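Q: My structure file target.cif, mmCIF, C-alpha atoms and all ligand atoms, is below:
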```cif
data_query
#
loop_
_atom_site.label_atom_id
_atom_site.label_comp_id
_atom_site.auth_asym_id
_atom_site.auth_seq_id
_atom_site.Cartn_x
_atom_site.Cartn_y
_atom_site.Cartn_z
CA MET B 29 -4.11 1.98 18.70
CA ASN B 30 -4.85 4.90 16.38
CA SER B 31 -8.43 5.46 15.38
CA LEU B 32 -9.23 5.52 11.71
CA GLN B 33 -12.08 7.25 9.92
CA HIS B 34 -10.75 8.56 6.63
CA VAL B 35 -8.50 7.06 3.94
CA ALA B 36 -7.50 9.10 0.86
CA ILE B 37 -5.99 7.45 -2.21
CA ILE B 38 -4.04 8.64 -5.25
CA MET B 39 -4.76 5.77 -7.62
CA ASP B 40 -1.62 5.98 -9.73
CA GLY B 41 -0.22 3.55 -12.27
CA ASN B 42 -3.14 2.57 -14.50
CA GLY B 43 -1.47 3.75 -17.70
CA ARG B 44 1.81 1.91 -16.98
CA TRP B 45 -0.15 -1.22 -16.05
CA GLY B 46 -1.86 -1.26 -19.45
CA ILE B 47 1.37 -0.59 -21.38
CA LYS B 48 3.22 -3.27 -19.38
CA ARG B 49 0.68 -5.76 -20.68
CA LYS B 50 1.24 -4.56 -24.27
CA LYS B 51 -2.24 -3.05 -24.22
CA SER B 52 -3.37 0.58 -24.03
CA ARG B 53 -3.31 3.05 -21.13
CA ASN B 54 -7.11 2.93 -21.27
CA PHE B 55 -6.98 -0.83 -20.72
CA GLY B 56 -5.17 0.03 -17.48
CA HIS B 57 -7.86 2.54 -16.46
CA LYS B 58 -10.52 -0.11 -16.99
CA ALA B 59 -8.61 -2.47 -14.70
CA GLY B 60 -8.21 0.43 -12.24
CA LEU B 61 -11.97 0.75 -11.95
CA LYS B 62 -12.17 -2.88 -10.76
CA THR B 63 -9.71 -2.03 -7.98
CA VAL B 64 -11.91 0.95 -7.02
CA GLU B 65 -14.86 -1.41 -6.56
CA LYS B 66 -12.77 -3.82 -4.45
CA ILE B 67 -11.33 -1.07 -2.25
CA ILE B 68 -14.79 0.32 -1.51
CA LYS B 69 -15.88 -3.14 -0.28
CA ILE B 70 -12.75 -3.62 1.83
CA SER B 71 -13.11 -0.13 3.32
CA ILE B 72 -16.58 -1.05 4.55
CA LYS B 73 -15.23 -4.28 5.98
CA ASN B 74 -12.67 -2.24 7.91
CA LYS B 75 -15.33 0.18 9.18
CA ILE B 76 -13.77 3.16 7.44
CA LYS B 77 -16.21 6.08 7.32
CA TYR B 78 -14.72 8.23 4.52
CA LEU B 79 -12.84 7.13 1.41
CA THR B 80 -11.52 9.90 -0.87
CA LEU B 81 -10.44 8.84 -4.35
CA PHE B 82 -8.50 11.05 -6.76
CA ALA B 83 -10.19 10.18 -10.05
CA PHE B 84 -9.48 13.25 -12.22
CA SER B 85 -7.32 16.26 -11.45
CA THR B 86 -7.42 19.83 -12.75
CA GLU B 87 -4.13 18.95 -14.48
CA ASN B 88 -5.44 15.77 -16.15
CA TRP B 89 -7.02 17.89 -18.93
CA LYS B 90 -3.50 17.98 -20.43
CA ARG B 91 -3.83 14.29 -21.38
CA PRO B 92 -4.67 13.11 -24.91
CA LYS B 93 -8.33 13.62 -25.85
CA ASN B 94 -9.00 9.90 -26.29
CA GLU B 95 -7.79 9.15 -22.75
CA ILE B 96 -9.92 11.94 -21.25
CA LYS B 97 -12.94 10.69 -23.19
CA PHE B 98 -12.33 7.16 -21.96
CA LEU B 99 -11.97 8.26 -18.32
CA PHE B 100 -15.30 10.09 -18.53
CA LYS B 101 -16.93 7.06 -20.11
CA LEU B 102 -15.64 4.95 -17.21
CA LEU B 103 -16.99 7.47 -14.74
CA ASP B 104 -20.38 7.30 -16.40
CA THR B 105 -20.32 3.47 -16.30
CA PHE B 106 -19.27 3.57 -12.65
CA ILE B 107 -22.16 5.84 -11.68
CA ASN B 108 -24.72 3.88 -13.71
CA LYS B 109 -23.60 0.63 -12.16
CA LYS B 110 -22.95 1.72 -8.62
CA ILE B 111 -25.57 4.21 -7.61
CA VAL B 112 -28.33 1.67 -6.99
CA GLU B 113 -25.84 -0.40 -5.00
CA PHE B 114 -24.70 2.68 -3.03
CA LYS B 115 -28.30 3.48 -2.22
CA LYS B 116 -29.02 -0.07 -1.09
CA ASN B 117 -25.80 -0.49 0.89
CA ASN B 118 -26.00 2.79 2.80
CA ILE B 119 -23.04 4.40 0.95
CA ARG B 120 -22.97 8.14 0.34
CA LEU B 121 -21.40 9.63 -2.78
CA LYS B 122 -19.92 13.10 -2.60
CA ILE B 123 -18.13 14.89 -5.39
CA ILE B 124 -15.21 17.15 -4.52
CA GLY B 125 -13.97 19.39 -7.31
CA ASP B 126 -15.53 21.66 -9.89
CA ILE B 127 -17.91 19.76 -12.15
CA ASN B 128 -19.56 22.87 -13.62
CA ASN B 129 -17.81 22.42 -16.95
CA PHE B 130 -18.86 18.74 -17.29
CA ASN B 131 -21.48 17.92 -19.90
CA HIS B 132 -24.96 18.62 -18.63
CA LYS B 133 -26.12 15.00 -18.55
CA LEU B 134 -23.14 13.74 -16.57
CA LYS B 135 -23.24 16.68 -14.18
CA LYS B 136 -26.92 15.99 -13.49
CA LYS B 137 -26.22 12.30 -12.97
CA LEU B 138 -23.50 13.12 -10.45
CA THR B 139 -25.54 15.69 -8.52
CA ASP B 140 -28.60 13.41 -8.54
CA SER B 141 -26.46 10.58 -7.18
CA GLU B 142 -25.22 12.85 -4.41
CA LYS B 143 -28.82 13.76 -3.52
CA ILE B 144 -30.10 10.17 -3.61
CA THR B 145 -27.37 8.99 -1.23
CA LEU B 146 -27.17 12.09 0.97
CA LYS B 147 -28.50 10.45 4.13
CA ASN B 148 -26.40 7.29 3.83
CA LYS B 149 -24.12 6.62 6.75
CA LYS B 150 -22.05 3.45 6.39
CA LEU B 151 -19.32 4.85 4.13
CA GLN B 152 -18.91 8.18 2.36
CA VAL B 153 -17.06 7.95 -0.94
CA ASN B 154 -15.62 11.34 -1.89
CA LEU B 155 -14.84 11.26 -5.58
CA ALA B 156 -12.33 13.95 -6.55
CA LEU B 157 -13.25 15.10 -10.06
CA ASN B 158 -11.63 18.05 -11.78
CA TYR B 159 -10.09 18.52 -8.37
CA GLY B 160 -7.00 20.57 -7.59
CA SER B 161 -6.00 21.56 -4.09
CA LYS B 162 -4.60 24.98 -5.00
CA TYR B 163 -7.85 25.85 -6.78
CA GLU B 164 -9.84 24.57 -3.77
CA LEU B 165 -7.89 26.93 -1.48
CA VAL B 166 -8.24 29.94 -3.76
CA ARG B 167 -11.96 29.20 -4.02
CA ALA B 168 -12.23 29.08 -0.21
CA PHE B 169 -10.44 32.43 0.18
CA LYS B 170 -12.69 33.99 -2.47
CA LEU B 171 -15.79 32.70 -0.65
CA LEU B 172 -14.53 34.16 2.63
CA ASN B 173 -13.86 37.47 0.95
CA LYS B 174 -17.33 37.52 -0.59
CA LYS B 175 -18.99 36.70 2.72
CA LYS B 176 -16.70 39.22 4.45
CA PHE B 177 -15.62 36.48 6.89
CA LYS B 178 -12.33 36.52 8.78
CA VAL B 179 -9.48 34.49 7.30
CA ASN B 180 -8.75 31.91 9.98
CA ILE B 181 -8.28 28.14 10.09
CA LYS B 182 -11.87 27.36 11.04
CA ASN B 183 -13.37 29.56 8.32
CA ILE B 184 -11.00 28.27 5.64
CA GLU B 185 -11.90 24.67 6.51
CA LYS B 186 -15.62 25.47 6.38
CA ASN B 187 -15.21 26.72 2.82
CA LEU B 188 -13.21 23.83 1.39
CA TYR B 189 -14.98 21.11 -0.59
CA SER B 190 -14.16 18.88 2.37
CA SER B 191 -16.11 20.98 4.86
CA GLY B 192 -17.47 18.76 7.63
CA ILE B 193 -15.25 15.82 6.68
CA PRO B 194 -12.45 14.91 9.11
CA ASP B 195 -8.92 15.13 7.65
CA PRO B 196 -7.61 11.81 6.32
CA GLU B 197 -5.53 9.83 8.79
CA ILE B 198 -4.03 7.88 5.88
CA LEU B 199 -2.99 8.81 2.35
CA ILE B 200 -2.04 5.98 0.02
CA ARG B 201 -0.33 6.63 -3.31
CA THR B 202 0.23 3.61 -5.49
CA GLY B 203 2.48 3.46 -8.55
CA ASN B 204 5.87 4.00 -6.87
CA THR B 205 5.79 7.78 -7.29
CA HIS B 206 6.45 9.99 -4.29
CA ARG B 207 4.50 13.20 -4.71
CA LEU B 208 1.17 14.77 -3.73
CA SER B 209 0.13 16.01 -7.19
CA ASN B 210 -1.98 18.92 -5.89
CA PHE B 211 -4.18 16.59 -3.81
CA LEU B 212 -5.67 17.71 -0.45
CA LEU B 213 -2.66 19.89 0.42
CA TRP B 214 -4.46 21.51 3.38
CA GLN B 215 -6.20 18.37 4.64
CA LEU B 216 -3.01 16.26 4.61
CA ALA B 217 -1.13 18.49 7.07
CA TYR B 218 -0.80 15.66 9.65
CA THR B 219 -1.74 12.64 7.58
CA GLU B 220 0.35 9.46 7.60
CA ILE B 221 1.53 8.90 4.02
CA PHE B 222 2.06 5.45 2.52
CA PHE B 223 3.76 5.14 -0.85
CA GLU B 224 3.01 1.80 -2.46
CA LYS B 225 5.23 0.32 -5.16
CA LYS B 226 2.42 -1.59 -6.87
CA LEU B 227 0.46 -0.06 -9.74
CA TRP B 228 -3.17 0.71 -8.86
CA PRO B 229 -4.77 -2.21 -10.77
CA ASP B 230 -2.53 -4.63 -8.83
CA PHE B 231 -3.28 -3.11 -5.40
CA ASN B 232 -5.20 -5.71 -3.41
CA GLU B 233 -6.82 -6.49 -0.07
CA LYS B 234 -3.57 -7.75 1.45
CA ASP B 235 -1.68 -4.57 0.49
CA TYR B 236 -4.49 -2.43 1.88
CA SER B 237 -4.69 -4.40 5.15
CA GLN B 238 -0.92 -4.17 5.63
CA ILE B 239 -1.10 -0.38 5.37
CA LEU B 240 -4.05 -0.18 7.77
CA ASN B 241 -2.22 -2.36 10.30
CA LYS B 242 0.99 -0.36 9.99
CA TYR B 243 -0.95 2.86 10.48
CA LYS B 244 -2.65 1.52 13.61
CA LYS B 245 0.76 0.95 15.22
CA THR B 246 2.26 4.31 14.15
CA LYS B 247 2.99 6.81 16.90
CA ARG B 248 1.22 10.03 15.94
CA ASN B 249 2.27 13.06 17.93
CA PHE B 250 0.94 16.05 15.96
CA GLY B 251 3.94 18.19 16.81
CA ASN B 252 4.04 16.99 20.42
CA ILE B 253 6.69 14.51 21.63
C1 LIG A 1 -3.58 7.79 -12.54
O1 LIG A 1 -2.89 6.78 -13.24
C2 LIG A 1 -5.00 7.56 -12.64
C3 LIG A 1 -5.89 8.45 -13.12
C4 LIG A 1 -5.56 9.79 -13.60
C5 LIG A 1 -7.32 8.11 -13.20
C6 LIG A 1 -7.84 7.23 -12.13
C7 LIG A 1 -9.00 6.49 -12.68
C8 LIG A 1 -9.38 5.26 -12.32
C9 LIG A 1 -8.77 4.51 -11.21
C10 LIG A 1 -10.48 4.58 -13.05
C11 LIG A 1 -11.75 5.34 -13.04
C12 LIG A 1 -12.26 5.55 -11.67
C13 LIG A 1 -13.49 6.01 -11.39
C14 LIG A 1 -13.90 6.13 -9.98
C15 LIG A 1 -14.46 6.36 -12.42
P1 LIG A 1 -2.05 7.20 -14.51
O2 LIG A 1 -2.90 7.12 -15.69
O3 LIG A 1 -1.42 8.54 -14.26
O4 LIG A 1 -0.96 6.07 -14.54
P2 LIG A 1 0.55 6.20 -14.99
O5 LIG A 1 1.27 6.91 -13.89
O6 LIG A 1 0.97 4.79 -15.13
O7 LIG A 1 0.57 6.97 -16.27
#
```
Since I need it in another form, could you write the structure as structure tokens?
Ligand code: FPP
A:
Amino acid sequence: MNSLQHVAIIMDGNGRWGIKRKKSRNFGHKAGLKTVEKIIKISIKNKIKYLTLFAFSTENWKRPKNEIKFLFKLLDTFINKKIVEFKKNNIRLKIIGDINNFNHKLKKKLTDSEKITLKNKKLQVNLALNYGSKYELVRAFKLLNKKKFKVNIKNIEKNLYSSGIPDPEILIRTGNTHRLSNFLLWQLAYTEIFFEKKLWPDFNEKDYSQILNKYKKTKRNFGNI
């Protein structure tokens, strides 16, 4: 059976979920946050060590202002509510992405939360915020150039946001859309990809377990036969 340490998720379909219920896209995002909380719990139950969640991309700034504002409010609520729980339950929070342009208060809250949970070992939640894979790669090359380091696989990996984190064995994208949307392009080189028809707020423990079980039985050959 395949070992499993790291699951990455593109949590797609919140907007459609809200509209389908004759409510707003933001209503869907609120429901999506509940699924985030559930999936964190189930990941711990399944002894997963790293869970990477795509919460806001470098391209999401193109969305209407009210939706962006709402997503940031949800993020703030999530941190306020969860950080004590993360601390207590041995969960580490790590931000991947560029949060330098976030408002000062939120940025401080996020970096403080990272510091408070730094030594936690049960599960590491990597929250991708203002994250874009192409930018992450350009940033890594620039860092190498600045440090006058050789461009090679090891050095590139050391300068990604994901430095020190094993590549995901599984990527899940909900919402019945089959694309990577500039997410972890380097890290997903040999990842098993699962496209899920359900919209993110509907994704549940059974769906997650089915994917984990299917993955465990998949023959992974990494270019070998
Ligand atoms: C994609 O669905 C989802 C997002 C861009 C945001 C994800 C946010 C959450 C799950 C809630 C907040 C989470 C945290 C951790 C604070 P979409 O809006 O593109 O859906 P659509 O494809 O139906 O339009």
Q: B:Thr205, B:Asn154, B:Gln215, B:Gln238: which is nearest B:Ile181, counting all atoms listed in the file?
A: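 Using all atoms listed in the file, the shortest distance to B:Ile181 belongs to B:Gln215.
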Q: What do you get as a list in words if you pick all residues at most 7 Å from ligand LIG 1 (chain A), counting all atoms listed in the file?
A: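 Those within range of ligand LIG 1 (chain A) are Met39, Asp40, Gly41, Asn42, Gly43, Arg44, Trp45, Arg53, His57, Lys58, Gly60, Leu61, Val64, Phe82, Ala83, Phe84, Asn88, Leu99, Leu102, Leu103, Phe106, Leu155 and Gly203 of chain B.
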Q: Separation of atom CA of B:Glu224 and atom CA of B:Glu197, in Å?
A: 16.2 Å
Q: What lies within 9 Å of stretch 136-150 of chain B using only C-alpha atoms, ignoring chain neighbours under 2 positions off, as a list in words?
A: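 Contacts, in chain order: Ile72, Lys75, Ile76, Lys77, Tyr78, Asp104, Ile107, Asn108, Ile111, Phe114, Lys115, Asn117, Asn118, Ile119, Arg120, Leu121, Lys122, Ile123, Ile127, Asn131, His132, Lys133, Leu134 and Gln152 of chain B.
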Q: With all atoms listed in the file as the basis for distance, which of B:Arg207, B:Ser191, B:Leu165, B:Asn128 is at the shortest distance from B:Val179?
A: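 Of all the options, B:Leu165 lies closest to B:Val179.
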Q: Could you give me, as a list of chain:residue names, the residues that have an atom at most 10 Å away from the point (-9.6, 17.1, -7.5) in the coordinates of the file, using all atoms listed in the file?
A: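 In the file's frame, the residues around the point are B:Thr80, B:Leu81, B:Phe82, B:Ala83, B:Phe84, B:Ser85, B:Thr86, B:Glu87, B:Asn88, B:Ile123, B:Ile124, B:Gly125, B:Asp126, B:Ile127, B:Leu155, B:Ala156, B:Leu157, B:Asn158, B:Tyr159, B:Gly160, B:Ser161, B:Lys162, B:Tyr163, B:Glu164, B:Tyr189, B:Ser209, B:Asn210, B:Phe211, B:Leu212.
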Q: Output the selection as a PDB file, keeping the file's coordinate frame - C-alpha atoms for each residue.
A:
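New file result_26.pdb:
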```pdb
ATOM      1  CA  THR B  80     -11.520   9.900  -0.870  1.00  0.00           C
ATOM      2  CA  LEU B  81     -10.440   8.840  -4.350  1.00  0.00           C
ATOM      3  CA  PHE B  82      -8.500  11.050  -6.760  1.00  0.00           C
ATOM      4  CA  ALA B  83     -10.190  10.180 -10.050  1.00  0.00           C
ATOM      5  CA  PHE B  84      -9.480  13.250 -12.220  1.00  0.00           C
ATOM      6  CA  SER B  85      -7.320  16.260 -11.450  1.00  0.00           C
ATOM      7  CA  THR B  86      -7.420  19.830 -12.750  1.00  0.00           C
ATOM      8  CA  GLU B  87      -4.130  18.950 -14.480  1.00  0.00           C
ATOM      9  CA  ASN B  88      -5.440  15.770 -16.150  1.00  0.00           C
ATOM     10  CA  ILE B 123     -18.130  14.890  -5.390  1.00  0.00           C
ATOM     11  CA  ILE B 124     -15.210  17.150  -4.520  1.00  0.00           C
ATOM     12  CA  GLY B 125     -13.970  19.390  -7.310  1.00  0.00           C
ATOM     13  CA  ASP B 126     -15.530  21.660  -9.890  1.00  0.00           C
ATOM     14  CA  ILE B 127     -17.910  19.760 -12.150  1.00  0.00           C
ATOM     15  CA  LEU B 155     -14.840  11.260  -5.580  1.00  0.00           C
ATOM     16  CA  ALA B 156     -12.330  13.950  -6.550  1.00  0.00           C
ATOM     17  CA  LEU B 157     -13.250  15.100 -10.060  1.00  0.00           C
ATOM     18  CA  ASN B 158     -11.630  18.050 -11.780  1.00  0.00           C
ATOM     19  CA  TYR B 159     -10.090  18.520  -8.370  1.00  0.00           C
ATOM     20  CA  GLY B 160      -7.000  20.570  -7.590  1.00  0.00           C
ATOM     21  CA  SER B 161      -6.000  21.560  -4.090  1.00  0.00           C
ATOM     22  CA  LYS B 162      -4.600  24.980  -5.000  1.00  0.00           C
ATOM     23  CA  TYR B 163      -7.850  25.850  -6.780  1.00  0.00           C
ATOM     24  CA  GLU B 164      -9.840  24.570  -3.770  1.00  0.00           C
ATOM     25  CA  TYR B 189     -14.980  21.110  -0.590  1.00  0.00           C
ATOM     26  CA  SER B 209       0.130  16.010  -7.190  1.00  0.00           C
ATOM     27  CA  ASN B 210      -1.980  18.920  -5.890  1.00  0.00           C
ATOM     28  CA  PHE B 211      -4.180  16.590  -3.810  1.00  0.00           C
ATOM     29  CA  LEU B 212      -5.670  17.710  -0.450  1.00  0.00           C
TER      30      LEU B 212
END
```
Q: Go ahead and compute the interatomic distance for atom CA of B:Lys244 and atom CA of B:Leu227, in Å to one decimal.
A: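 Between these atoms lies a distance of 23.6 Å.
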Q: Rounded to one decimal place, report the atom CA of B:Pro196-atom CA of B:Thr219 distance in Å.
A: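 Computed distance, atom CA of B:Pro196 to atom CA of B:Thr219, equals 6.1 Å.
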Q: I want to know what sits within 12 Å of B:Ala217, based on all atoms listed in the file, with residues of the same chain fewer than 3 positions away left out; could you give that as a short mmCIF file (atom, residue, chain, number, x, y, z; two decimals) with C-alpha atoms, in the coordinates of the input?
A:
```cif
data_model
loop_
_atom_site.label_atom_id
_atom_site.label_comp_id
_atom_site.auth_asym_id
_atom_site.auth_seq_id
_atom_site.Cartn_x
_atom_site.Cartn_y
_atom_site.Cartn_z
CA ASP B 195 -8.92 15.13 7.65
CA PRO B 196 -7.61 11.81 6.32
CA GLU B 197 -5.53 9.83 8.79
CA ILE B 198 -4.03 7.88 5.88
CA LEU B 199 -2.99 8.81 2.35
CA LEU B 208 1.17 14.77 -3.73
CA PHE B 211 -4.18 16.59 -3.81
CA LEU B 212 -5.67 17.71 -0.45
CA LEU B 213 -2.66 19.89 0.42
CA TRP B 214 -4.46 21.51 3.38
CA GLU B 220 0.35 9.46 7.60
CA ILE B 221 1.53 8.90 4.02
CA PHE B 250 0.94 16.05 15.96
CA GLY B 251 3.94 18.19 16.81
#
```
Q: Point out the residue among B:Ile47, B:Lys109, B:Thr63, B:Asn187 with the least atom-to-atom distance to B:Asp235, counting all atoms listed in the file.
A: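 That would be B:Thr63, the residue with the smallest distance to B:Asp235.
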Q: For the point (-15.2, 14.4, -18.8) in the file's frame, write as a ChimeraX atom specification all residues with an atom no more than 7 Å away, counting only C-alpha atoms.
A: /B:96-97,99-100,130
Q: Please, what is the axis-aligned box for every listed atom of stretch 218-221 of chain B with 6 Å on each side, as centre and edge lengths in Å to one decimal, as lines of an AutoDock Vina configuration file?
A:
```
center_x = -0.1
center_y = 12.3
center_z = 6.8
size_x = 15.3
size_y = 18.8
size_z = 17.6
```
Q: What's around B:Lys66 at 12 Å? Count all atoms listed in the file, leave out sequence neighbours fewer than 2 positions away in its own chain, and write the answer as an MDAnalysis selection string.
A: chainID B and resid 59:64 68:73 228:234 236
